[in-house]
file coords_38.cif (mmCIF, C-alpha atoms)
data_model
#
loop_
_atom_site.label_atom_id
_atom_site.label_comp_id
_atom_site.auth_asym_id
_atom_site.auth_seq_id
_atom_site.Cartn_x
_atom_site.Cartn_y
_atom_site.Cartn_z
CA MET J 1 -45.08 -4.68 34.27
CA PHE J 2 -45.23 -8.41 33.79
CA SER J 3 -43.87 -10.64 36.52
CA ALA J 4 -43.43 -14.43 36.31
CA SER J 5 -43.33 -15.24 40.02
CA PRO J 6 -47.11 -15.18 40.72
CA LEU J 7 -47.67 -17.42 37.73
CA LEU J 8 -45.06 -19.86 38.90
CA ALA J 9 -46.69 -19.96 42.28
CA ALA J 10 -50.11 -20.48 40.78
CA ILE J 11 -49.16 -23.53 38.74
CA SER J 12 -49.36 -26.76 40.66
CA PRO J 13 -46.83 -29.56 40.06
CA ARG J 14 -49.57 -31.74 38.55
CA ASP J 15 -50.38 -29.12 35.91
CA GLY J 16 -46.70 -28.81 35.15
CA GLN J 17 -46.49 -32.53 34.50
CA LYS J 18 -49.45 -32.45 32.13
CA LEU J 19 -47.94 -29.56 30.20
CA ALA J 20 -44.57 -31.22 29.97
CA ARG J 21 -46.14 -34.34 28.42
CA VAL J 22 -47.54 -32.23 25.65
CA LEU J 23 -44.52 -30.07 25.03
CA LEU J 24 -41.75 -32.65 25.31
CA PRO J 25 -41.50 -36.26 24.16
CA ARG J 26 -41.99 -38.65 27.02
CA GLN J 27 -38.74 -40.07 28.39
CA GLU J 28 -38.74 -42.90 30.88
CA GLY J 29 -37.18 -42.21 34.24
CA VAL J 30 -37.00 -38.48 33.76
CA ASN J 31 -39.40 -35.92 35.25
CA PRO J 32 -38.62 -32.68 33.34
CA SER J 33 -41.75 -30.82 34.32
CA THR J 34 -40.41 -28.27 36.73
CA PRO J 35 -37.31 -27.05 34.91
CA VAL J 36 -39.08 -26.94 31.53
CA LEU J 37 -41.96 -24.90 32.87
CA GLN J 38 -39.65 -22.55 34.63
CA LEU J 39 -37.66 -22.15 31.47
CA LEU J 40 -40.74 -21.44 29.36
CA LEU J 41 -42.27 -18.98 31.81
CA GLY J 42 -38.96 -17.24 32.23
CA GLU J 43 -38.67 -16.79 28.45
CA MET J 44 -42.18 -15.42 28.31
CA ALA J 45 -41.47 -13.00 31.12
CA SER J 46 -38.33 -11.65 29.50
CA LEU J 47 -40.05 -11.29 26.13
CA LYS J 48 -42.93 -9.44 27.76
CA GLN J 49 -40.51 -7.10 29.49
CA GLN J 50 -38.79 -6.34 26.22
CA VAL J 51 -42.10 -5.61 24.53
CA ASN J 52 -43.18 -3.31 27.36
CA ALA J 53 -39.90 -1.42 27.26
CA LEU J 54 -40.11 -1.02 23.50
CA ALA J 55 -43.70 0.23 23.70
CA LEU J 56 -42.77 2.78 26.36
CA THR J 57 -39.87 4.18 24.36
CA GLN J 58 -41.98 4.47 21.19
CA ALA J 59 -44.99 6.00 22.96
CA SER J 60 -42.94 8.94 24.16
CA SER J 61 -41.80 9.86 20.63
CA ARG J 62 -45.08 9.08 18.77
CA GLN J 63 -47.06 11.83 17.02
CA PRO J 64 -50.71 12.27 18.12
CA GLU J 65 -52.95 10.23 15.83
CA LEU J 66 -55.83 11.66 13.76
CA LYS J 67 -59.25 10.30 14.54
CA TYR J 68 -59.79 9.27 10.92
CA GLU J 69 -58.15 9.59 7.56
CA ARG J 70 -59.68 12.43 5.49
CA ASP J 71 -59.05 10.70 2.15
CA GLY J 72 -61.53 8.01 1.34
CA MET J 73 -64.26 9.43 3.55
CA PRO J 74 -67.56 10.35 1.86
CA ASP J 75 -67.84 14.00 0.90
CA GLU J 76 -69.91 16.25 3.07
CA GLN J 77 -73.20 17.61 1.77
CA LYS J 78 -72.35 20.48 -0.56
CA ARG J 79 -74.47 23.60 -0.28
CA VAL J 80 -74.46 26.37 -2.85
CA GLU J 81 -74.24 29.75 -1.19
CA PRO J 82 -77.02 31.96 -2.64
CA LYS J 83 -74.51 34.82 -2.88
CA ARG J 84 -72.70 32.88 -5.61
CA MET J 85 -75.77 33.28 -7.80
CA THR J 86 -76.27 37.01 -7.42
CA ARG J 87 -73.54 38.19 -9.86
CA ILE J 88 -75.04 37.24 -13.18
CA PHE J 89 -75.17 37.81 -16.90
CA ASP J 90 -77.10 36.15 -19.69
CA MET L 1 -110.81 8.21 8.62
CA THR L 2 -109.04 11.56 8.38
CA SER L 3 -107.68 10.78 4.93
CA VAL L 4 -111.17 9.85 3.70
CA LEU L 5 -112.61 13.12 5.01
CA THR L 6 -109.72 15.08 3.42
CA ALA L 7 -110.34 13.37 0.08
CA ILE L 8 -114.06 14.17 0.24
CA LEU L 9 -113.40 17.81 1.13
CA ARG L 10 -110.89 18.14 -1.69
CA VAL L 11 -113.38 17.30 -4.46
CA PRO L 12 -115.37 20.58 -4.46
CA LEU L 13 -112.14 22.57 -4.22
CA ILE L 14 -110.75 20.83 -7.30
CA VAL L 15 -113.98 21.46 -9.21
CA ILE L 16 -113.94 25.17 -8.32
CA TRP L 17 -110.27 25.46 -9.23
CA TRP L 18 -110.86 23.75 -12.56
CA ILE L 19 -113.76 26.06 -13.44
CA LEU L 20 -111.75 29.17 -12.55
CA LYS L 21 -108.75 27.96 -14.53
CA THR L 22 -110.90 27.19 -17.54
CA MET L 23 -112.42 30.66 -17.41
CA PHE L 24 -109.24 32.68 -16.96
CA CYS L 25 -106.38 30.62 -18.33
CA HIS L 26 -106.00 29.44 -21.91
CA GLU L 27 -103.18 26.97 -21.21
CA VAL L 28 -104.99 24.72 -18.75
CA PRO L 29 -102.60 22.21 -17.23
CA ASN L 30 -103.80 18.70 -16.70
CA PRO L 31 -104.99 18.51 -13.06
CA ALA L 32 -103.10 15.27 -12.72
CA TYR L 33 -99.92 17.35 -12.95
CA TYR L 34 -100.52 18.98 -9.60
CA SER L 35 -101.64 15.77 -7.99
CA ALA L 36 -98.51 14.20 -9.47
CA ILE L 37 -96.38 16.71 -7.58
CA SER L 38 -97.94 15.82 -4.25
CA ARG L 39 -97.98 12.13 -5.15
CA ARG L 40 -94.28 12.34 -5.99
CA ARG L 41 -93.57 13.73 -2.52
CA SER L 42 -95.40 10.91 -0.85
CA LEU L 43 -93.63 8.43 -3.11
CA VAL L 44 -90.24 9.79 -2.06
CA HIS L 45 -91.26 9.53 1.60
CA ARG L 46 -92.55 5.99 1.09
CA GLU L 47 -89.36 4.98 -0.71
CA LYS L 48 -87.21 6.32 2.14
CA SER L 49 -89.15 4.35 4.74
CA ARG L 50 -88.95 1.27 2.55
CA VAL L 51 -85.15 1.58 2.38
CA ILE L 52 -84.96 1.96 6.15
CA ARG L 53 -87.21 -1.10 6.63
CA ARG L 54 -85.08 -3.10 4.21
CA ARG L 55 -81.92 -2.22 6.11
CA THR L 56 -83.35 -3.11 9.49
CA SER L 57 -85.23 -6.27 8.54
CA THR L 58 -84.10 -9.62 7.13
CA ARG L 59 -87.13 -10.01 4.89
CA SER L 60 -85.21 -9.44 1.67
CA SER L 61 -82.92 -12.38 2.45
CA VAL L 62 -85.82 -14.82 2.77
CA LYS L 63 -86.09 -17.14 -0.22
CA GLY L 64 -89.10 -16.54 -2.38
CA HIS L 65 -89.47 -12.85 -1.52
CA ARG L 66 -89.83 -11.03 -4.83
CA ARG L 67 -88.87 -7.42 -5.27
CA ARG L 68 -90.92 -5.14 -7.45
CA PRO L 69 -89.33 -4.86 -10.92
CA ALA L 70 -87.77 -1.51 -11.83
CA ALA L 71 -90.04 0.85 -13.76
CA GLN L 72 -89.32 1.10 -17.46
CA PRO L 73 -88.12 4.53 -18.61
CA GLN L 74 -90.81 6.38 -20.52
CA VAL L 75 -89.93 8.08 -23.76
CA MET L 76 -91.32 11.58 -24.19
CA ASP L 77 -93.68 12.01 -27.13
CA VAL L 78 -92.74 15.60 -27.98
CA SER L 79 -95.33 15.79 -30.76
CA LEU L 80 -97.89 16.38 -27.99
CA LEU L 81 -96.23 19.73 -27.34
CA SER L 82 -96.57 20.97 -30.90
CA GLY L 83 -98.42 24.28 -30.97
CA ARG L 84 -98.00 24.90 -27.23
CA ARG L 85 -96.67 28.25 -26.12
CA ALA L 86 -93.56 29.05 -24.14
CA LEU L 87 -92.76 32.55 -22.96
CA VAL L 88 -89.04 33.40 -23.13
CA LEU L 89 -88.07 36.69 -21.51
CA GLY L 90 -84.76 37.90 -22.90
CA ALA L 91 -83.17 36.98 -26.23
CA GLY L 92 -79.53 37.33 -25.28
CA ALA L 93 -76.98 34.55 -25.26
CA VAL L 94 -78.92 32.14 -23.05
CA GLY L 95 -82.46 33.18 -24.00
CA GLY L 96 -81.73 32.97 -27.72
CA TYR L 97 -80.34 29.46 -27.42
CA ILE L 98 -83.26 28.31 -25.24
CA ALA L 99 -85.77 29.55 -27.81
CA TYR L 100 -83.76 27.90 -30.58
CA PHE L 101 -83.50 24.55 -28.76
CA LEU L 102 -87.18 24.46 -27.80
CA SER L 103 -88.28 25.26 -31.34
CA GLY L 104 -86.04 22.58 -32.78
CA VAL L 105 -87.44 19.85 -30.58
CA THR L 106 -91.15 20.42 -30.61
CA GLY L 107 -92.30 22.92 -33.18
CA MET L 108 -93.97 24.95 -30.47
CA VAL L 109 -94.85 28.62 -30.40
CA ILE L 110 -92.20 30.79 -28.74
CA MET L 111 -93.22 34.16 -27.36
CA LEU L 112 -89.97 36.10 -27.27
CA VAL L 113 -89.55 39.36 -25.36
CA ASP L 114 -86.50 41.61 -25.74
CA PHE L 115 -86.01 45.27 -26.67
CA ASP L 116 -82.29 45.15 -27.47
CA HIS L 117 -80.42 45.24 -30.79
CA ILE L 118 -77.61 42.99 -31.98
CA GLU L 119 -74.11 44.44 -31.68
CA SER L 120 -70.86 43.15 -33.14
CA LYS L 121 -69.78 41.75 -29.75
CA ASN L 122 -72.90 39.56 -29.73
CA VAL L 123 -71.82 37.53 -32.76
CA GLN L 124 -68.28 36.69 -31.68
CA GLY L 125 -67.17 33.30 -30.43
CA GLY L 126 -70.49 31.56 -30.93
CA ARG L 127 -71.94 33.10 -27.78
CA THR L 128 -75.33 33.68 -29.37
CA ILE L 129 -77.51 32.26 -32.11
CA TYR L 130 -77.09 35.44 -34.14
CA GLU L 131 -74.99 35.81 -37.27
CA SER L 132 -72.75 38.62 -38.43
CA ASN L 133 -75.17 39.71 -41.15
CA GLN L 134 -77.82 40.37 -38.45
CA ILE L 135 -75.90 43.14 -36.67
CA GLY L 136 -78.17 46.11 -36.06
CA MET L 137 -81.38 44.07 -36.15
CA LYS L 138 -83.63 43.73 -33.15
CA LYS L 139 -82.79 40.52 -31.30
CA VAL L 140 -86.33 39.21 -31.40
CA ASP L 141 -86.58 39.77 -35.18
CA ALA L 142 -83.24 38.13 -35.82
CA ALA L 143 -84.17 35.16 -33.61
CA LYS L 144 -87.53 34.80 -35.36
CA ALA L 145 -85.84 34.82 -38.78
CA LYS L 146 -83.28 32.22 -37.78
CA ILE L 147 -85.68 29.89 -35.95
CA GLU L 148 -88.37 29.92 -38.62
CA ARG L 149 -85.70 29.40 -41.29
CA ASP L 150 -84.18 26.36 -39.54
CA TYR L 151 -87.43 24.93 -38.14
CA PRO L 152 -90.32 25.77 -40.48
CA ASN L 153 -92.86 24.03 -38.19
CA SER L 154 -92.08 26.44 -35.39
CA GLN L 155 -93.45 29.88 -34.85
CA VAL L 156 -92.02 32.89 -33.01
CA GLN L 157 -94.15 35.74 -31.71
CA THR L 158 -92.01 38.79 -31.04
CA TYR L 159 -92.45 41.46 -28.37
CA PRO L 160 -89.68 44.09 -28.85
CA HIS L 161 -90.30 45.86 -25.55
CA ASN L 162 -88.69 46.22 -22.17
CA ILE L 163 -90.28 44.10 -19.44
CA MET L 164 -90.59 47.17 -17.26
CA ASP L 165 -92.70 48.91 -19.93
CA PHE L 166 -95.45 46.27 -19.83
CA LYS L 167 -98.48 46.72 -17.63
CA ASP L 168 -99.11 44.09 -15.01
CA GLU L 169 -102.22 42.90 -16.83
CA GLU L 170 -100.30 42.50 -20.09
CA LEU L 171 -97.56 40.46 -18.47
CA LEU L 172 -100.09 38.28 -16.66
CA LEU L 173 -101.91 37.68 -19.92
CA LEU L 174 -98.65 36.55 -21.54
CA ALA L 175 -97.94 34.19 -18.65
CA GLN L 176 -101.45 32.74 -18.63
CA ASN L 177 -101.23 32.04 -22.34
CA SER L 178 -98.00 30.06 -21.99
CA ALA L 179 -97.33 26.63 -20.57
CA VAL L 180 -94.04 27.69 -19.04
CA VAL L 181 -92.09 30.92 -18.55
CA ILE L 182 -88.33 31.16 -18.94
CA ASN L 183 -86.65 34.25 -17.52
CA ALA L 184 -83.30 34.81 -19.24
CA ILE L 185 -82.87 38.49 -18.49
CA ASP L 186 -80.19 39.82 -16.18
CA ASP L 187 -81.89 43.04 -15.12
CA ALA L 188 -82.50 42.69 -11.39
CA LYS L 189 -85.57 44.93 -11.22
CA ALA L 190 -87.26 43.12 -14.09
CA MET L 191 -86.44 39.73 -12.57
CA LEU L 192 -87.98 40.62 -9.24
CA ARG L 193 -91.03 42.05 -10.96
CA VAL L 194 -91.49 38.82 -12.88
CA ASN L 195 -91.10 36.93 -9.61
CA THR L 196 -93.79 38.96 -7.89
CA LEU L 197 -96.25 38.73 -10.77
CA PHE L 198 -95.71 35.21 -12.05
CA TYR L 199 -95.01 33.18 -8.92
CA PRO L 200 -98.68 32.39 -8.19
CA VAL L 201 -99.59 32.02 -11.86
CA THR L 202 -97.28 29.54 -13.53
CA GLU L 203 -93.96 27.74 -13.41
CA VAL L 204 -91.00 30.03 -14.04
CA LEU L 205 -87.40 29.08 -14.79
CA TYR L 206 -84.78 31.72 -13.95
CA VAL L 207 -81.56 31.01 -15.81
CA ALA L 208 -78.32 32.96 -15.58
CA MET L 209 -74.58 32.60 -16.03
CA HIS L 210 -71.98 33.60 -13.46
CA SER L 211 -68.63 35.32 -13.78
CA GLY L 212 -66.66 34.14 -16.81
CA ALA L 213 -69.39 31.58 -17.58
CA ALA L 214 -67.50 29.31 -15.19
CA SER L 215 -70.84 28.33 -13.73
CA GLY L 216 -74.53 29.02 -14.09
CA HIS L 217 -77.81 28.28 -12.42
CA ILE L 218 -81.45 27.55 -13.03
CA ILE L 219 -83.99 28.33 -10.34
CA ILE L 220 -87.47 26.88 -10.77
CA THR L 221 -90.51 28.27 -8.98
CA PHE L 222 -93.60 26.07 -8.72
CA PRO L 223 -96.66 28.11 -7.71
CA PHE L 224 -97.30 27.85 -3.97
CA VAL L 225 -95.04 24.79 -3.75
CA SER L 226 -91.42 25.90 -4.00
CA ALA L 227 -89.64 28.98 -2.68
CA CYS L 228 -89.82 32.09 -4.86
CA LEU L 229 -86.81 33.70 -6.54
CA SER L 230 -86.18 36.17 -3.70
CA CYS L 231 -86.11 33.41 -1.11
CA SER L 232 -83.98 31.16 -3.33
CA LEU L 233 -81.37 33.88 -3.82
CA ARG L 234 -81.84 35.33 -0.31
CA VAL L 235 -82.22 38.84 -1.71
CA ASN L 236 -84.39 41.64 -0.40
CA SER L 237 -84.13 44.14 -3.24
CA SER L 238 -82.76 44.54 -6.74
CA GLU L 239 -79.58 46.09 -5.32
CA ASP L 240 -78.58 42.68 -3.97
CA ILE L 241 -78.23 41.35 -7.52
CA GLN L 242 -75.32 42.56 -9.64
CA THR L 243 -75.42 42.44 -13.44
CA LEU L 244 -72.13 41.75 -15.22
CA HIS L 245 -71.70 43.69 -18.46
CA GLY L 246 -69.35 42.61 -21.25
CA GLU L 247 -68.47 39.47 -19.34
CA PRO L 248 -66.25 37.07 -21.31
CA GLY L 249 -67.25 33.43 -21.48
CA LEU L 250 -67.01 30.34 -23.63
CA GLY L 251 -70.00 29.98 -25.93
CA LEU L 252 -70.15 26.24 -25.32
CA ASP L 253 -70.50 26.77 -21.55
CA ILE L 254 -73.41 29.15 -22.13
CA ARG L 255 -74.96 26.72 -24.58
CA HIS L 256 -74.65 23.88 -22.06
CA VAL L 257 -76.71 25.70 -19.42
CA ALA L 258 -79.23 26.83 -22.05
CA ASN L 259 -79.60 23.24 -23.22
CA GLN L 260 -80.30 22.04 -19.67
CA CYS L 261 -82.83 24.83 -19.18
CA ALA L 262 -84.66 23.92 -22.39
CA THR L 263 -84.77 20.28 -21.28
CA ILE L 264 -86.22 21.16 -17.88
CA ALA L 265 -88.79 23.47 -19.48
CA LEU L 266 -89.78 20.72 -21.88
CA GLU L 267 -90.19 18.26 -19.01
CA ILE L 268 -92.44 20.65 -17.09
CA MET L 269 -94.57 21.36 -20.15
CA TYR L 270 -94.89 17.67 -20.90
CA ALA L 271 -95.97 16.95 -17.33
CA LYS L 272 -98.59 19.69 -17.49
CA VAL L 273 -99.99 18.48 -20.79
CA THR L 274 -100.01 14.75 -20.10
CA GLY L 275 -100.34 14.67 -16.32
CA GLN L 276 -97.36 12.35 -16.02
CA PRO L 277 -95.05 12.91 -13.04
CA ILE L 278 -91.65 14.48 -13.58
CA GLU L 279 -89.02 11.79 -13.31
CA ARG L 280 -85.95 13.60 -14.60
CA TRP L 281 -85.01 15.13 -11.23
CA ASP L 282 -86.26 15.28 -7.67
CA ILE L 283 -88.79 18.09 -7.98
CA ASN L 284 -88.46 18.93 -4.30
CA LYS L 285 -85.17 20.52 -5.35
CA ASN L 286 -85.60 23.72 -7.30
CA ILE L 287 -82.04 25.04 -7.69
CA PHE L 288 -79.71 23.65 -10.34
CA TYR L 289 -76.11 24.89 -10.02
CA PHE L 290 -73.94 24.03 -13.01
CA ALA L 291 -70.18 24.08 -12.53
CA ASN L 292 -68.55 24.24 -15.94
CA LYS L 293 -65.10 23.55 -14.54
CA ARG L 294 -63.59 22.22 -11.33
CA GLU L 295 -64.12 24.39 -8.30
CA SER L 296 -64.71 24.01 -4.61
CA LEU L 297 -68.28 22.79 -5.10
CA SER L 298 -67.33 20.39 -7.86
CA PRO L 299 -63.70 19.46 -7.17
CA ASP L 300 -63.39 16.72 -9.80
CA GLY L 301 -64.60 18.75 -12.78
CA PRO L 302 -67.83 19.91 -14.40
CA GLY L 303 -70.92 18.88 -12.49
CA VAL L 304 -74.42 19.70 -11.34
CA ILE L 305 -75.55 20.36 -7.78
CA LEU L 306 -79.25 20.30 -6.95
CA GLN L 307 -80.70 21.68 -3.78
CA LYS L 308 -83.95 22.85 -2.29
CA ALA L 309 -84.46 26.49 -1.40
CA ARG L 310 -86.48 27.18 1.71
CA LYS L 311 -89.22 29.78 1.94
CA LEU L 312 -88.27 32.61 4.23
CA PRO L 313 -90.85 33.11 6.97
CA GLY L 314 -93.09 36.05 6.24
CA CYS L 315 -92.18 36.30 2.54
CA PRO L 316 -95.01 38.26 0.88
CA ILE L 317 -94.66 36.25 -2.35
CA CYS L 318 -94.29 32.57 -1.50
CA SER L 319 -95.55 32.39 2.08
CA ILE L 320 -99.13 33.15 1.12
CA SER L 321 -101.50 30.23 0.71
CA PRO L 322 -103.48 29.67 -2.51
CA THR L 323 -106.72 30.43 -0.68
CA ASN L 324 -105.49 33.93 0.25
CA TYR L 325 -104.28 34.72 -3.26
CA SER L 326 -106.26 36.97 -5.59
CA VAL L 327 -105.28 38.32 -9.01
#
call {"tool": "encode", "arguments": {"input": "coords_38.cif", "output": "structure tokens"}}
result
Amino acid sequence: MFSASPLLAAISPRDGQKLARVLLPRQEGVNPSTPVLQLLLGEMASLKQQVNALALTQASSRQPELKYERDGMPDEQKRVEPKRMTRIFD
Amino acid sequence: MTSVLTAILRVPLIVIWWILKTMFCHEVPNPAYYSAISRRRSLVHREKSRVIRRRTSTRSSVKGHRRRPAAQPQVMDVSLLSGRRALVLGAGAVGGYIAYFLSGVTGMVIMLVDFDHIESKNVQGGRTIYESNQIGMKKVDAAKAKIERDYPNSQVQTYPHNIMDFKDEELLLLAQNSAVVINAIDDAKAMLRVNTLFYPVTEVLYVAMHSGAASGHIIITFPFVSACLSCSLRVNSSEDIQTLHGEPGLGLDIRHVANQCATIALEIMYAKVTGQPIERWDINKNIFYFANKRESLSPDGPGVILQKARKLPGCPICSISPTNYSV
């Protein structure tokens, strides 16, 4: 399962500032880096958790998949059984 | 070095073969015909390796690399076959149509063998070439009358006898006097006798229809090259082949298979006379299976399936080599 806390710990404050400059318009006298990053990573974590939960619920009820679709595949080499040709008339 | 030695050793063998053929066989095939068969095999092999090379290399994408232009289709000059002989065994539904088609195209001589008479069931539904006013006649006489009436340039030689009543020497003489043999009889014993006698002598086409004329087949035997009839059908004795009597079937389906058989026979004769290679089909494949309607082998509808029969190990007919064969 996805967890946001190691990511938060891995990001240094300087990286957070750089990211905030890109994501948000620069405002004088305000340093929004930490709360914005936390907000973004928190959203990502919750979305990831939802996706994981959904995948787990669907996997339990899914039918086993075929390896390939039969239709559209090239036909196998056809062989005429010699026995077919032994009941004859002219 | 090896190929040069092989070529040098082959020359006296070809000369001896040619002399023997000239002495004992009236219909001498052009020697280029047999070399064309082996050349065709090497051509197929070369073409396969060329395709593999093309797939694995980028040479074809290089600018300026020119591919060989496709060969122009050659039109068959059937007048070259005028006066040639074809032996047709059986003048029933299929055999009668084959003789009729061959005569109409080339004006050749048809040697027709059948001992049977025409019955009323033979003239119903367009199954045969015979007409209602010919009931009671021998099939070979009726066929001769009809063919020579419709195609005055053609000639029919009739043999109103059972195949089993001929002596071996007589049958061999018939085969040696003909450019191709077409077996359109459904008697298992006679078929296997023809197979044993004719396999080393000349090319034979075995044609037959299956239940309800829903399908049919043509099996071609090339002397010492392809599998014989027994190996192609995987039969050991005549009891393994069942003849269907009074079998219903659409005349057009029978005529379709007969038409294909006549075309194949014509192609073989033309190759023997002119020495040109056979281009109509891959001659490594000697079984034609015709599905006249959709079935498991031809699920979309009528179609043709070609395949190669393998010689069974130890077969006394087709496993012998030409050097060990004696008439």
call {"tool": "residues_around", "arguments": {"input": "coords_38.cif", "residues": "Asp90 (chain J)", "least_positions_apart": "3", "cutoff": "10 Å", "atoms": "all atoms listed in the file", "output": "PDB file with C-alpha atoms, in the coordinates of the input"}}
result
ATOM      1  CA  GLY L  90     -84.760  37.900 -22.900  1.00  0.00           C
ATOM      2  CA  ALA L  91     -83.170  36.980 -26.230  1.00  0.00           C
ATOM      3  CA  GLY L  92     -79.530  37.330 -25.280  1.00  0.00           C
ATOM      4  CA  ALA L  93     -76.980  34.550 -25.260  1.00  0.00           C
ATOM      5  CA  VAL L  94     -78.920  32.140 -23.050  1.00  0.00           C
ATOM      6  CA  GLY L  95     -82.460  33.180 -24.000  1.00  0.00           C
ATOM      7  CA  GLY L  96     -81.730  32.970 -27.720  1.00  0.00           C
ATOM      8  CA  ASN L 183     -86.650  34.250 -17.520  1.00  0.00           C
ATOM      9  CA  ALA L 184     -83.300  34.810 -19.240  1.00  0.00           C
ATOM     10  CA  ILE L 185     -82.870  38.490 -18.490  1.00  0.00           C
ATOM     11  CA  ASP L 186     -80.190  39.820 -16.180  1.00  0.00           C
ATOM     12  CA  ASP L 187     -81.890  43.040 -15.120  1.00  0.00           C
ATOM     13  CA  VAL L 207     -81.560  31.010 -15.810  1.00  0.00           C
ATOM     14  CA  ALA L 208     -78.320  32.960 -15.580  1.00  0.00           C
ATOM     15  CA  MET L 209     -74.580  32.600 -16.030  1.00  0.00           C
ATOM     16  CA  HIS L 210     -71.980  33.600 -13.460  1.00  0.00           C
ATOM     17  CA  ALA L 213     -69.390  31.580 -17.580  1.00  0.00           C
ATOM     18  CA  GLY L 216     -74.530  29.020 -14.090  1.00  0.00           C
ATOM     19  CA  THR L 243     -75.420  42.440 -13.440  1.00  0.00           C
ATOM     20  CA  LEU L 244     -72.130  41.750 -15.220  1.00  0.00           C
ATOM     21  CA  HIS L 245     -71.700  43.690 -18.460  1.00  0.00           C
ATOM     22  CA  GLU L 247     -68.470  39.470 -19.340  1.00  0.00           C
ATOM     23  CA  ILE L 254     -73.410  29.150 -22.130  1.00  0.00           C
ATOM     24  CA  ALA L 258     -79.230  26.830 -22.050  1.00  0.00           C
TER      25      ALA L 258
END
call {"tool": "resolve_selection", "arguments": {"input": "coords_38.cif", "expression": "the PyMOL selection byres ((chain J) within 10 of (chain L))", "output": "list in words"}}
result
Gln77, Lys78, Arg79, Val80, Glu81, Pro82, Lys83, Arg84, Met85, Thr86, Arg87, Ile88, Phe89 and Asp90 of chain J
call {"tool": "residues_near_point", "arguments": {"input": "coords_38.cif", "point": "(-96.7, 35.8, -24.0)", "cutoff": "6 Å", "atoms": "all atoms listed in the file", "output": "MDAnalysis selection string"}}
result
chainID L and resid 87 111 174:175
call {"tool": "atom_distance", "arguments": {"input": "coords_38.cif", "atom1": "CA of Leu81 (chain L)", "atom2": "CA of Tyr97 (chain L)"}}
result
18.6 Å
call {"tool": "atom_distance", "arguments": {"input": "coords_38.cif", "atom1": "CA of Cys318 (chain L)", "atom2": "CA of Ala179 (chain L)"}}
result
20.2 Å
call {"tool": "atom_distance", "arguments": {"input": "coords_38.cif", "atom1": "CA of Ile278 (chain L)", "atom2": "CA of Arg193 (chain L)"}}
result
27.7 Å
call {"tool": "resolve_selection", "arguments": {"input": "coords_38.cif", "expression": "the PyMOL selection byres ((chain L and resi 141) around 10)", "output": "ChimeraX atom specification"}}
result
/L:91,112,114,117,134,137-140,142-147,156-160
call {"tool": "closest_residue", "arguments": {"input": "coords_38.cif", "among": "L:Asn292, L:Asn284, L:Ser321, L:Thr2", "to": "Leu250 (chain L)", "atoms": "only C-alpha atoms"}}
result
L:Asn292
call {"tool": "residues_near_point", "arguments": {"input": "coords_38.cif", "point": "(-97.5, 43.1, -16.3)", "cutoff": "12 Å", "atoms": "all atoms listed in the file", "output": "PyMOL selection string"}}
result
chain L and resi 162-176+190+193-198+327
call {"tool": "closest_residue", "arguments": {"input": "coords_38.cif", "among": "L:Ile8, L:Ala99, L:Ala227, L:Ile182", "to": "Gly314 (chain L)", "atoms": "all atoms listed in the file"}}
result
L:Ala227
call {"tool": "build_atoms", "arguments": {"input": "coords_38.cif", "residues": "region 221-231 of chain L", "atoms": "N, CA and C atoms", "output": "PDB file, in the coordinates of the input"}}
result
ATOM      1  N   THR L 221     -89.485  27.980  -9.996  1.00  0.00           N
ATOM      2  CA  THR L 221     -90.510  28.270  -8.980  1.00  0.00           C
ATOM      3  C   THR L 221     -91.815  27.588  -9.399  1.00  0.00           C
ATOM      4  N   PHE L 222     -92.290  26.704  -8.541  1.00  0.00           N
ATOM      5  CA  PHE L 222     -93.600  26.070  -8.720  1.00  0.00           C
ATOM      6  C   PHE L 222     -94.605  26.853  -7.881  1.00  0.00           C
ATOM      7  N   PRO L 223     -95.714  27.265  -8.467  1.00  0.00           N
ATOM      8  CA  PRO L 223     -96.660  28.110  -7.710  1.00  0.00           C
ATOM      9  C   PRO L 223     -97.077  27.478  -6.390  1.00  0.00           C
ATOM     10  N   PHE L 224     -96.873  28.221  -5.323  1.00  0.00           N
ATOM     11  CA  PHE L 224     -97.300  27.850  -3.970  1.00  0.00           C
ATOM     12  C   PHE L 224     -96.591  26.600  -3.423  1.00  0.00           C
ATOM     13  N   VAL L 225     -95.718  26.017  -4.199  1.00  0.00           N
ATOM     14  CA  VAL L 225     -95.040  24.790  -3.750  1.00  0.00           C
ATOM     15  C   VAL L 225     -93.604  25.087  -3.349  1.00  0.00           C
ATOM     16  N   SER L 226     -92.839  25.669  -4.288  1.00  0.00           N
ATOM     17  CA  SER L 226     -91.420  25.900  -4.000  1.00  0.00           C
ATOM     18  C   SER L 226     -91.221  27.326  -3.484  1.00  0.00           C
ATOM     19  N   ALA L 227     -89.994  27.612  -3.081  1.00  0.00           N
ATOM     20  CA  ALA L 227     -89.640  28.980  -2.680  1.00  0.00           C
ATOM     21  C   ALA L 227     -89.611  29.870  -3.911  1.00  0.00           C
ATOM     22  N   CYS L 228     -89.860  31.153  -3.725  1.00  0.00           N
ATOM     23  CA  CYS L 228     -89.820  32.090  -4.860  1.00  0.00           C
ATOM     24  C   CYS L 228     -88.364  32.478  -5.144  1.00  0.00           C
ATOM     25  N   LEU L 229     -88.173  33.314  -6.152  1.00  0.00           N
ATOM     26  CA  LEU L 229     -86.810  33.700  -6.540  1.00  0.00           C
ATOM     27  C   LEU L 229     -86.101  34.461  -5.419  1.00  0.00           C
ATOM     28  N   SER L 230     -86.814  35.378  -4.763  1.00  0.00           N
ATOM     29  CA  SER L 230     -86.180  36.170  -3.700  1.00  0.00           C
ATOM     30  C   SER L 230     -85.702  35.285  -2.569  1.00  0.00           C
ATOM     31  N   CYS L 231     -86.511  34.301  -2.197  1.00  0.00           N
ATOM     32  CA  CYS L 231     -86.110  33.410  -1.110  1.00  0.00           C
ATOM     33  C   CYS L 231     -84.979  32.483  -1.570  1.00  0.00           C
TER      34      CYS L 231
END
